Each structure stands twice: as structure tokens, then as C-alpha cells.
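The structure file start-v4.pdb is reproduced below (PDB, C-alpha atoms, pLDDT in the B column).
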ATOM      1  CA  GLU A   1     -19.780 -42.854 136.634  1.00 40.00           C
ATOM      2  CA  PRO A   2     -19.017 -45.801 139.051  1.00 43.00           C
ATOM      3  CA  VAL A   3     -18.464 -49.178 137.377  1.00 42.00           C
ATOM      4  CA  ASN A   4     -21.371 -50.891 139.141  1.00 45.00           C
ATOM      5  CA  ALA A   5     -23.740 -47.950 139.024  1.00 43.00           C
ATOM      6  CA  PRO A   6     -27.158 -48.840 137.542  1.00 44.00           C
ATOM      7  CA  HIS A   7     -27.790 -47.563 134.024  1.00 41.00           C
ATOM      8  CA  GLN A   8     -30.025 -44.491 133.915  1.00 44.00           C
ATOM      9  CA  GLU A   9     -31.955 -43.311 130.879  1.00 41.00           C
ATOM     10  CA  ARG A  10     -31.155 -39.765 129.822  1.00 40.00           C
ATOM     11  CA  ALA A  11     -33.558 -37.262 128.402  1.00 43.00           C
ATOM     12  CA  PRO A  12     -32.800 -36.352 124.756  1.00 41.00           C
ATOM     13  CA  ASP A  13     -31.459 -32.942 125.711  1.00 44.00           C
ATOM     14  CA  GLN A  14     -29.061 -34.548 128.205  1.00 44.00           C
ATOM     15  CA  VAL A  15     -27.469 -36.879 125.648  1.00 41.00           C
ATOM     16  CA  PRO A  16     -24.016 -35.633 124.545  1.00 44.00           C
ATOM     17  CA  ASP A  17     -23.884 -34.334 120.987  1.00 46.00           C
ATOM     18  CA  GLY A  18     -21.360 -36.976 119.955  1.00 44.00           C
ATOM     19  CA  HIS A  19     -23.520 -39.833 121.194  1.00 43.00           C
ATOM     20  CA  ARG A  20     -26.604 -38.281 119.610  1.00 43.00           C
ATOM     21  CA  GLN A  21     -24.715 -38.170 116.289  1.00 47.00           C
ATOM     22  CA  GLU A  22     -23.850 -41.897 116.682  1.00 46.00           C
ATOM     23  CA  VAL A  23     -27.504 -42.752 117.216  1.00 42.00           C
ATOM     24  CA  LEU A  24     -28.450 -40.769 114.128  1.00 40.00           C
ATOM     25  CA  GLU A  25     -25.857 -42.581 112.007  1.00 47.00           C
ATOM     26  CA  GLN A  26     -26.685 -46.097 113.288  1.00 49.00           C
ATOM     27  CA  GLU A  27     -30.478 -46.078 113.488  1.00 47.00           C
ATOM     28  CA  THR A  28     -31.677 -43.847 110.643  1.00 46.00           C
ATOM     29  CA  THR A  29     -31.537 -43.614 106.863  1.00 54.00           C
ATOM     30  CA  PRO A  30     -29.806 -40.599 105.233  1.00 50.00           C
ATOM     31  CA  GLY A  31     -33.172 -38.940 104.574  1.00 49.00           C
ATOM     32  CA  GLU A  32     -34.324 -39.481 108.159  1.00 47.00           C
ATOM     33  CA  ARG A  33     -31.000 -38.143 109.482  1.00 45.00           C
ATOM     34  CA  LEU A  34     -31.446 -34.904 107.537  1.00 46.00           C
ATOM     35  CA  SER A  35     -34.973 -34.496 108.887  1.00 46.00           C
ATOM     36  CA  LEU A  36     -33.907 -35.244 112.473  1.00 43.00           C
ATOM     37  CA  ARG A  37     -30.957 -32.858 112.310  1.00 47.00           C
ATOM     38  CA  ARG A  38     -33.374 -30.194 111.084  1.00 48.00           C
ATOM     39  CA  GLU A  39     -35.703 -30.865 114.008  1.00 45.00           C
ATOM     40  CA  ILE A  40     -32.818 -30.807 116.512  1.00 42.00           C
ATOM     41  CA  HIS A  41     -31.579 -27.529 115.001  1.00 47.00           C
ATOM     42  CA  ARG A  42     -35.053 -26.027 115.253  1.00 49.00           C
ATOM     43  CA  GLY A  43     -35.490 -27.153 118.844  1.00 45.00           C
ATOM     44  CA  HIS A  44     -32.187 -25.660 120.011  1.00 44.00           C
ATOM     45  CA  GLU A  45     -32.021 -22.525 117.898  1.00 49.00           C
ATOM     46  CA  SER A  46     -35.586 -21.221 117.668  1.00 53.00           C
ATOM     47  CA  LEU A  47     -36.066 -19.972 121.239  1.00 58.00           C
ATOM     48  CA  VAL A  48     -36.423 -16.212 121.645  1.00 60.00           C
ATOM     49  CA  LYS A  49     -36.369 -14.503 125.039  1.00 62.00           C
ATOM     50  CA  ILE A  50     -38.684 -11.481 125.212  1.00 63.00           C
ATOM     51  CA  ARG A  51     -37.290  -8.438 127.020  1.00 62.00           C
ATOM     52  CA  ASP A  52     -38.807  -5.025 127.695  1.00 54.00           C
ATOM     53  CA  GLU A  53     -38.543  -2.145 125.236  1.00 58.00           C
ATOM     54  CA  LYS A  54     -35.188  -1.116 126.752  1.00 60.00           C
ATOM     55  CA  GLY A  55     -33.759  -4.607 126.364  1.00 59.00           C
ATOM     56  CA  GLN A  56     -33.915  -5.390 130.072  1.00 60.00           C
ATOM     57  CA  LYS A  57     -35.079  -8.689 131.527  1.00 71.00           C
ATOM     58  CA  MET A  58     -38.703  -8.544 132.618  1.00 63.00           C
ATOM     59  CA  SER A  59     -39.343  -8.983 136.337  1.00 61.00           C
ATOM     60  CA  LYS A  60     -42.101  -8.098 138.784  1.00 67.00           C
ATOM     61  CA  SER A  61     -39.627  -6.263 141.015  1.00 68.00           C
ATOM     62  CA  LYS A  62     -38.715  -3.910 138.144  1.00 67.00           C
ATOM     63  CA  GLY A  63     -42.349  -3.434 137.236  1.00 67.00           C
ATOM     64  CA  ASN A  64     -41.625  -3.950 133.526  1.00 62.00           C
ATOM     65  CA  VAL A  65     -43.629  -7.139 132.984  1.00 68.00           C
ATOM     66  CA  ILE A  66     -46.200  -7.056 130.183  1.00 73.00           C
ATOM     67  CA  ASP A  67     -49.415  -8.779 131.227  1.00 76.00           C
ATOM     68  CA  PRO A  68     -50.639 -10.536 128.054  1.00 78.00           C
ATOM     69  CA  LEU A  69     -54.280 -10.584 129.160  1.00 89.00           C
ATOM     70  CA  THR A  70     -54.283  -6.832 129.791  1.00 85.00           C
ATOM     71  CA  VAL A  71     -52.573  -6.176 126.462  1.00 83.00           C
ATOM     72  CA  ILE A  72     -55.031  -8.423 124.609  1.00 90.00           C
ATOM     73  CA  ASP A  73     -57.982  -6.597 126.144  1.00 90.00           C
ATOM     74  CA  LYS A  74     -56.479  -3.271 125.081  1.00 89.00           C
ATOM     75  CA  TYR A  75     -54.983  -4.020 121.655  1.00 89.00           C
ATOM     76  CA  GLY A  76     -56.193  -7.496 120.650  1.00 90.00           C
ATOM     77  CA  ALA A  77     -54.534 -10.916 120.486  1.00 91.00           C
ATOM     78  CA  ASP A  78     -53.386 -10.417 116.888  1.00 91.00           C
ATOM     79  CA  ALA A  79     -51.506  -7.239 117.754  1.00 92.00           C
ATOM     80  CA  LEU A  80     -49.655  -8.947 120.610  1.00 88.00           C
ATOM     81  CA  ARG A  81     -48.881 -12.009 118.480  1.00 89.00           C
ATOM     82  CA  MET A  82     -47.468  -9.974 115.610  1.00 89.00           C
ATOM     83  CA  ALA A  83     -45.459  -7.700 117.916  1.00 88.00           C
ATOM     84  CA  LEU A  84     -43.747 -10.720 119.462  1.00 85.00           C
ATOM     85  CA  VAL A  85     -42.987 -12.366 116.131  1.00 86.00           C
ATOM     86  CA  ILE A  86     -41.995  -9.521 113.792  1.00 87.00           C
ATOM     87  CA  ARG A  87     -38.243  -8.887 113.471  1.00 81.00           C
ATOM     88  CA  SER A  88     -37.461 -11.710 115.922  1.00 78.00           C
ATOM     89  CA  THR A  89     -34.322 -13.755 115.268  1.00 73.00           C
ATOM     90  CA  PRO A  90     -33.951 -17.387 116.414  1.00 70.00           C
ATOM     91  CA  GLY A  91     -31.598 -17.673 119.356  1.00 68.00           C
ATOM     92  CA  LEU A  92     -31.505 -13.923 120.091  1.00 67.00           C
ATOM     93  CA  ASP A  93     -33.390 -11.827 122.631  1.00 66.00           C
ATOM     94  CA  LYS A  94     -36.125  -9.499 121.405  1.00 66.00           C
ATOM     95  CA  ALA A  95     -37.106  -6.172 122.960  1.00 68.00           C
ATOM     96  CA  THR A  96     -40.852  -5.552 122.912  1.00 75.00           C
ATOM     97  CA  GLY A  97     -42.810  -2.700 124.450  1.00 79.00           C
ATOM     98  CA  GLU A  98     -46.310  -1.323 124.379  1.00 81.00           C
ATOM     99  CA  GLY A  99     -45.360   0.908 121.459  1.00 84.00           C
ATOM    100  CA  ASP A 100     -44.606  -2.174 119.348  1.00 86.00           C
ATOM    101  CA  ILE A 101     -47.956  -3.712 120.234  1.00 88.00           C
ATOM    102  CA  ARG A 102     -49.746  -0.455 119.470  1.00 90.00           C
ATOM    103  CA  ALA A 103     -48.068  -0.352 116.054  1.00 90.00           C
ATOM    104  CA  MET A 104     -49.353  -3.849 115.276  1.00 90.00           C
ATOM    105  CA  ARG A 105     -52.834  -2.797 116.408  1.00 93.00           C
ATOM    106  CA  ASN A 106     -52.552  -0.084 113.756  1.00 94.00           C
ATOM    107  CA  LEU A 107     -51.704  -2.824 111.258  1.00 94.00           C
ATOM    108  CA  THR A 108     -54.899  -4.706 112.103  1.00 93.00           C
ATOM    109  CA  ASN A 109     -56.850  -1.481 111.566  1.00 94.00           C
ATOM    110  CA  LYS A 110     -55.077  -1.052 108.228  1.00 94.00           C
ATOM    111  CA  ILE A 111     -56.160  -4.547 107.204  1.00 94.00           C
ATOM    112  CA  TRP A 112     -59.792  -3.775 108.057  1.00 93.00           C
ATOM    113  CA  ASN A 113     -59.784  -0.443 106.228  1.00 93.00           C
ATOM    114  CA  SER A 114     -58.053  -1.717 103.095  1.00 92.00           C
ATOM    115  CA  ALA A 115     -60.304  -4.779 102.903  1.00 92.00           C
ATOM    116  CA  ARG A 116     -63.374  -2.566 103.268  1.00 92.00           C
ATOM    117  CA  TYR A 117     -62.184  -0.300 100.458  1.00 90.00           C
ATOM    118  CA  VAL A 118     -61.345  -3.165  98.091  1.00 91.00           C
ATOM    119  CA  LEU A 119     -64.670  -4.891  98.714  1.00 89.00           C
ATOM    120  CA  LEU A 120     -66.612  -1.677  98.178  1.00 86.00           C
ATOM    121  CA  SER A 121     -64.646  -1.004  95.007  1.00 82.00           C
ATOM    122  CA  GLN A 122     -66.009  -4.222  93.522  1.00 77.00           C
ATOM    123  CA  SER A 123     -69.462  -2.613  93.264  1.00 70.00           C
ATOM    124  CA  PRO A 124     -70.484  -1.746  89.683  1.00 63.00           C
ATOM    125  CA  LYS A 125     -71.587   1.673  90.942  1.00 59.00           C
ATOM    126  CA  THR A 126     -68.102   2.748  91.990  1.00 55.00           C
ATOM    127  CA  THR A 127     -66.130   5.065  89.714  1.00 52.00           C
ATOM    128  CA  GLN A 128     -62.855   4.957  91.640  1.00 52.00           C
ATOM    129  CA  SER A 129     -61.443   1.864  89.929  1.00 51.00           C
ATOM    130  CA  SER A 130     -61.833   0.049  86.651  1.00 54.00           C
ATOM    131  CA  GLN A 131     -63.472  -3.368  86.290  1.00 57.00           C
ATOM    132  CA  PHE A 132     -61.498  -4.054  83.081  1.00 54.00           C
ATOM    133  CA  PRO A 133     -57.831  -5.167  82.839  1.00 58.00           C
ATOM    134  CA  GLN A 134     -55.439  -2.230  83.061  1.00 67.00           C
ATOM    135  CA  ASN A 135     -51.862  -1.589  81.976  1.00 76.00           C
ATOM    136  CA  GLY A 136     -50.638  -1.824  85.550  1.00 84.00           C
ATOM    137  CA  ASP A 137     -52.124  -5.268  86.209  1.00 90.00           C
ATOM    138  CA  ALA A 138     -49.230  -7.303  84.806  1.00 91.00           C
ATOM    139  CA  GLU A 139     -46.595  -5.473  86.846  1.00 93.00           C
ATOM    140  CA  PHE A 140     -48.817  -5.624  89.939  1.00 94.00           C
ATOM    141  CA  LEU A 141     -49.329  -9.388  89.648  1.00 95.00           C
ATOM    142  CA  LYS A 142     -45.616  -9.938  88.966  1.00 95.00           C
ATOM    143  CA  ARG A 143     -44.713  -8.069  92.155  1.00 96.00           C
ATOM    144  CA  LEU A 144     -47.377 -10.054  94.020  1.00 96.00           C
ATOM    145  CA  ASP A 145     -45.824 -13.341  92.866  1.00 96.00           C
ATOM    146  CA  PHE A 146     -42.432 -12.099  94.048  1.00 96.00           C
ATOM    147  CA  VAL A 147     -43.843 -11.319  97.502  1.00 96.00           C
ATOM    148  CA  ILE A 148     -45.444 -14.769  97.700  1.00 96.00           C
ATOM    149  CA  SER A 149     -42.211 -16.568  96.788  1.00 96.00           C
ATOM    150  CA  THR A 150     -40.133 -14.417  99.162  1.00 96.00           C
ATOM    151  CA  VAL A 151     -42.357 -14.923 102.203  1.00 95.00           C
ATOM    152  CA  THR A 152     -42.785 -18.638 101.441  1.00 95.00           C
ATOM    153  CA  LYS A 153     -39.011 -19.120 101.221  1.00 95.00           C
ATOM    154  CA  GLN A 154     -38.489 -17.296 104.507  1.00 93.00           C
ATOM    155  CA  LEU A 155     -41.095 -19.461 106.230  1.00 92.00           C
ATOM    156  CA  ASP A 156     -39.584 -22.638 104.762  1.00 92.00           C
ATOM    157  CA  ASP A 157     -36.205 -21.528 106.158  1.00 89.00           C
ATOM    158  CA  TYR A 158     -37.803 -20.905 109.585  1.00 87.00           C
ATOM    159  CA  ARG A 159     -36.987 -17.186 109.381  1.00 89.00           C
ATOM    160  CA  ILE A 160     -40.353 -16.377 110.916  1.00 89.00           C
ATOM    161  CA  GLY A 161     -39.501 -12.894 112.165  1.00 90.00           C
ATOM    162  CA  LEU A 162     -38.167 -11.865 108.768  1.00 93.00           C
ATOM    163  CA  ALA A 163     -41.229 -13.306 107.002  1.00 94.00           C
ATOM    164  CA  ALA A 164     -43.500 -11.271 109.285  1.00 94.00           C
ATOM    165  CA  GLU A 165     -41.498  -8.116 108.590  1.00 94.00           C
ATOM    166  CA  THR A 166     -41.564  -8.718 104.828  1.00 96.00           C
ATOM    167  CA  VAL A 167     -45.321  -9.224 104.614  1.00 96.00           C
ATOM    168  CA  TYR A 168     -45.872  -6.222 106.925  1.00 95.00           C
ATOM    169  CA  ASN A 169     -43.777  -3.897 104.745  1.00 95.00           C
ATOM    170  CA  GLU A 170     -45.172  -5.155 101.451  1.00 96.00           C
ATOM    171  CA  PHE A 171     -48.779  -4.944 102.617  1.00 96.00           C
ATOM    172  CA  TRP A 172     -48.534  -1.518 104.238  1.00 95.00           C
ATOM    173  CA  HIS A 173     -46.082   0.336 102.026  1.00 94.00           C
ATOM    174  CA  TRP A 174     -46.712  -1.316  98.653  1.00 95.00           C
ATOM    175  CA  PHE A 175     -50.257  -2.671  98.571  1.00 95.00           C
ATOM    176  CA  CYS A 176     -51.948  -0.007 100.698  1.00 94.00           C
ATOM    177  CA  ASP A 177     -49.819   3.055  99.937  1.00 92.00           C
ATOM    178  CA  ASP A 178     -49.092   2.409  96.245  1.00 93.00           C
ATOM    179  CA  ALA A 179     -51.365  -0.214  94.681  1.00 93.00           C
ATOM    180  CA  ILE A 180     -54.638   1.053  96.127  1.00 92.00           C
ATOM    181  CA  GLU A 181     -53.782   4.596  95.051  1.00 91.00           C
ATOM    182  CA  GLN A 182     -52.969   3.314  91.553  1.00 91.00           C
ATOM    183  CA  SER A 183     -56.338   1.593  91.505  1.00 89.00           C
ATOM    184  CA  LYS A 184     -58.051   4.851  92.384  1.00 88.00           C
ATOM    185  CA  ARG A 185     -56.399   6.394  89.322  1.00 87.00           C
ATOM    186  CA  GLY A 186     -57.619   3.528  87.154  1.00 86.00           C
ATOM    187  CA  GLU A 187     -54.139   2.052  86.655  1.00 90.00           C
ATOM    188  CA  ILE A 188     -54.948  -1.294  88.334  1.00 90.00           C
ATOM    189  CA  SER A 189     -58.226  -3.135  87.831  1.00 89.00           C
ATOM    190  CA  ARG A 190     -60.670  -4.161  90.540  1.00 87.00           C
ATOM    191  CA  GLU A 191     -60.024  -7.830  89.827  1.00 90.00           C
ATOM    192  CA  ALA A 192     -56.255  -7.480  90.245  1.00 92.00           C
ATOM    193  CA  LEU A 193     -56.718  -5.488  93.446  1.00 93.00           C
ATOM    194  CA  MET A 194     -59.045  -8.148  94.829  1.00 93.00           C
ATOM    195  CA  THR A 195     -56.451 -10.804  94.009  1.00 94.00           C
ATOM    196  CA  GLY A 196     -53.899  -8.764  95.929  1.00 95.00           C
ATOM    197  CA  LEU A 197     -56.152  -8.442  98.977  1.00 95.00           C
ATOM    198  CA  VAL A 198     -56.926 -12.169  99.128  1.00 95.00           C
ATOM    199  CA  THR A 199     -53.237 -13.004  98.710  1.00 96.00           C
ATOM    200  CA  PHE A 200     -52.148 -10.709 101.528  1.00 96.00           C
ATOM    201  CA  LEU A 201     -54.854 -12.034 103.833  1.00 96.00           C
ATOM    202  CA  LYS A 202     -53.407 -15.506 103.274  1.00 96.00           C
ATOM    203  CA  LEU A 203     -49.815 -14.328 103.813  1.00 96.00           C
ATOM    204  CA  LEU A 204     -50.777 -12.438 106.975  1.00 95.00           C
ATOM    205  CA  HIS A 205     -52.893 -15.258 108.370  1.00 94.00           C
ATOM    206  CA  PRO A 206     -50.087 -17.173 110.184  1.00 92.00           C
ATOM    207  CA  PHE A 207     -49.266 -13.992 112.118  1.00 93.00           C
ATOM    208  CA  ILE A 208     -52.695 -12.324 112.404  1.00 92.00           C
ATOM    209  CA  PRO A 209     -55.186 -15.211 112.317  1.00 93.00           C
ATOM    210  CA  PHE A 210     -58.271 -13.632 113.884  1.00 92.00           C
ATOM    211  CA  VAL A 211     -58.539 -10.454 111.837  1.00 91.00           C
ATOM    212  CA  THR A 212     -57.662 -12.168 108.551  1.00 91.00           C
ATOM    213  CA  GLU A 213     -60.293 -14.858 109.150  1.00 89.00           C
ATOM    214  CA  SER A 214     -62.928 -12.211 109.816  1.00 81.00           C
TER     215      SER A 214
END
For this file, produce the structure as C-alpha cells.
Amino acid sequence: EPVNAPHQERAPDQVPDGHRQEVLEQETTPGERLSLRREIHRGHESLVKIRDEKGQKMSKSKGNVIDPLTVIDKYGADALRMALVIRSTPGLDKATGEGDIRAMRNLTNKIWNSARYVLLSQSPKTTQSSQFPQNGDAEFLKRLDFVISTVTKQLDDYRIGLAAETVYNEFWHWFCDDAIEQSKRGEISREALMTGLVTFLKLLHPFIPFVTES
């Protein structure tokens, strides 16, 4: 830069890393520095480029662009949102196709169907599940606590794609496939099952806000 050149302000992302480190050391407390470094890390590392299902860059000339409005009309906003988030890794590209979005639409249907079953099972007239505490309740609630702590830790660590995958697998393969069937056999009580449903609706809400609110 010429000696007499006027000083020009630089945008934060144009400031060299070394100078940015100096600013952090001189103008912030240790606690603030940790927080700022975390924010800088998030800003630089959390971008994910979406590619088509074959891993190719989307472009109009290739005809492989996914129109979000068309997809939302067909599968719903929640399905598109979850398909983009699940199994994504900060800083890496993610391949997403219509099959992925369709699979997440199936997840939203699964949420509706399981919620309908659990709510209907709360009726005193039902004979498919017990209203009294059962032997399987303690193990069920212990597993539920483990799922909560796992997903919460992943979200705190900004591993959003992994958190989405964890709650998807636990809801579909454990809660729906195993726990609900156990409830039908009278091994898990209605109250415990209802606790599980409410918990999973809360865990799924950051990824599937519209269906879980409904």
C-alpha cells in the first residue's frame, strides 16, 4: 500500500487473521474472546453448499435446479427444511434430491400418525395400552433422557445435521417401531408414551416447526 494512500476501512471478513487476533487480545476480556472466536468459527465453518442428488453443482443449464416453491407445494416446507438439514456437515457440500425430500415428507406423515395414535390411546375406552405404570416405563424414560441429552449436546456443539439425524432415527426406529408396539402389548403405560410423544415433538420442532406446532 503506498505510503501516502488514504486509510480505508476493511470489512471484518477482509481483515487478516493475525490482525483480527490482535484486536481480540487488545479490546476484549478472556470471556469475550472465547465467545467471539466461537462466533467467528461459526461464521466461517457453518456454510453448506447444496448440490443435486448426484453431487453435481446445480445450474439452470443442467436442468438440475430444485425450485423450493414447487417442492414446498408438493411435499411441504417442513419436508424441504429437514431434507436440507439432516446429515449435513458444516463446511462440506451436501447432495439433496427429490427422493430425500420425499423421505422427509414420509417423516411428517409418521409424526401425524403416531401423534394420532398416542392421543387416541389416552381415552379410557381403549384397551390397547395400560393407564397404570408398567415395568417398561423406567427403561423407556431412561432411554428418553439419553436421547434428550444427546440431541441437546449435538445442538450445543453446532452439529445440526447430526442432531437432526439422531432425532429422526430415535423417533422413527425406537419410539414408533418399538415403544408404540410395546405400549400396545401393555408393556409401557399411556402416560409414559404421552411423555415420549411430547418430548419428541419438542426435539423435532427446530427442524420441523409447522407439523410439530400443529
(request) For A:Glu98, list every protein, DNA or RNA residue within 10 Å, evaluated using all atoms listed in the file, and leave out those in the same chain fewer than 4 positions away; present the list as a list in words. (result)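 Selected residues are Asp52, Glu53, Ile66, Val71, Tyr75, Leu80, Ala83, Arg102, Ala103 and Met104 of chain A.
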(message) Calculated over only C-alpha atoms, which of the candidates A:Val167, A:Val151, A:Ala138, A:Leu162 has the smallest distance to A:Leu193?
(response) A:Ala138
(request) In Å, rounded to a single decimal, give me how far atom CA of A:Phe140 is from atom CA of A:Asp157. (result) 26.0 Å
(message) For the provided coordinates, the residues matched by the PyMOL selection byres ((chain A and resi 78) around 9) should be stated as a ChimeraX atom specification.
(response) /A:72,75-77,79-83,104-105,108,207-211
Let me see the file: selected residues, C-alpha atoms, as a compact mmCIF listing (two decimals), in the coordinates of the input.
# COMPACT_ATOMS: atom_id res chain seq x y z
CA ILE A 72 -55.03 -8.42 124.61
CA TYR A 75 -54.98 -4.02 121.66
CA GLY A 76 -56.19 -7.50 120.65
CA ALA A 77 -54.53 -10.92 120.49
CA ALA A 79 -51.51 -7.24 117.75
CA LEU A 80 -49.66 -8.95 120.61
CA ARG A 81 -48.88 -12.01 118.48
CA MET A 82 -47.47 -9.97 115.61
CA ALA A 83 -45.46 -7.70 117.92
CA MET A 104 -49.35 -3.85 115.28
CA ARG A 105 -52.83 -2.80 116.41
CA THR A 108 -54.90 -4.71 112.10
CA PHE A 207 -49.27 -13.99 112.12
CA ILE A 208 -52.70 -12.32 112.40
CA PRO A 209 -55.19 -15.21 112.32
CA PHE A 210 -58.27 -13.63 113.88
CA VAL A 211 -58.54 -10.45 111.84
If you count only C-alpha atoms, which residues fall within 8 Å of stretch 170-184 of chain A, apart from same-chain ones fewer than 2 positions away, as a short mmCIF file (atom, residue, chain, number, x, y, z; two decimals) with C-alpha atoms, in the coordinates of the input?
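Saved as around23.cif:
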data_model
loop_
_atom_site.label_atom_id
_atom_site.label_comp_id
_atom_site.auth_asym_id
_atom_site.auth_seq_id
_atom_site.Cartn_x
_atom_site.Cartn_y
_atom_site.Cartn_z
CA LEU A 107 -51.70 -2.82 111.26
CA LYS A 110 -55.08 -1.05 108.23
CA SER A 114 -58.05 -1.72 103.10
CA GLN A 128 -62.86 4.96 91.64
CA SER A 129 -61.44 1.86 89.93
CA SER A 130 -61.83 0.05 86.65
CA PHE A 140 -48.82 -5.62 89.94
CA VAL A 147 -43.84 -11.32 97.50
CA THR A 166 -41.56 -8.72 104.83
CA VAL A 167 -45.32 -9.22 104.61
CA TYR A 168 -45.87 -6.22 106.92
CA GLY A 186 -57.62 3.53 87.15
CA GLU A 187 -54.14 2.05 86.66
CA ILE A 188 -54.95 -1.29 88.33
CA SER A 189 -58.23 -3.14 87.83
CA ARG A 190 -60.67 -4.16 90.54
CA LEU A 193 -56.72 -5.49 93.45
CA GLY A 196 -53.90 -8.76 95.93
CA PHE A 200 -52.15 -10.71 101.53
#
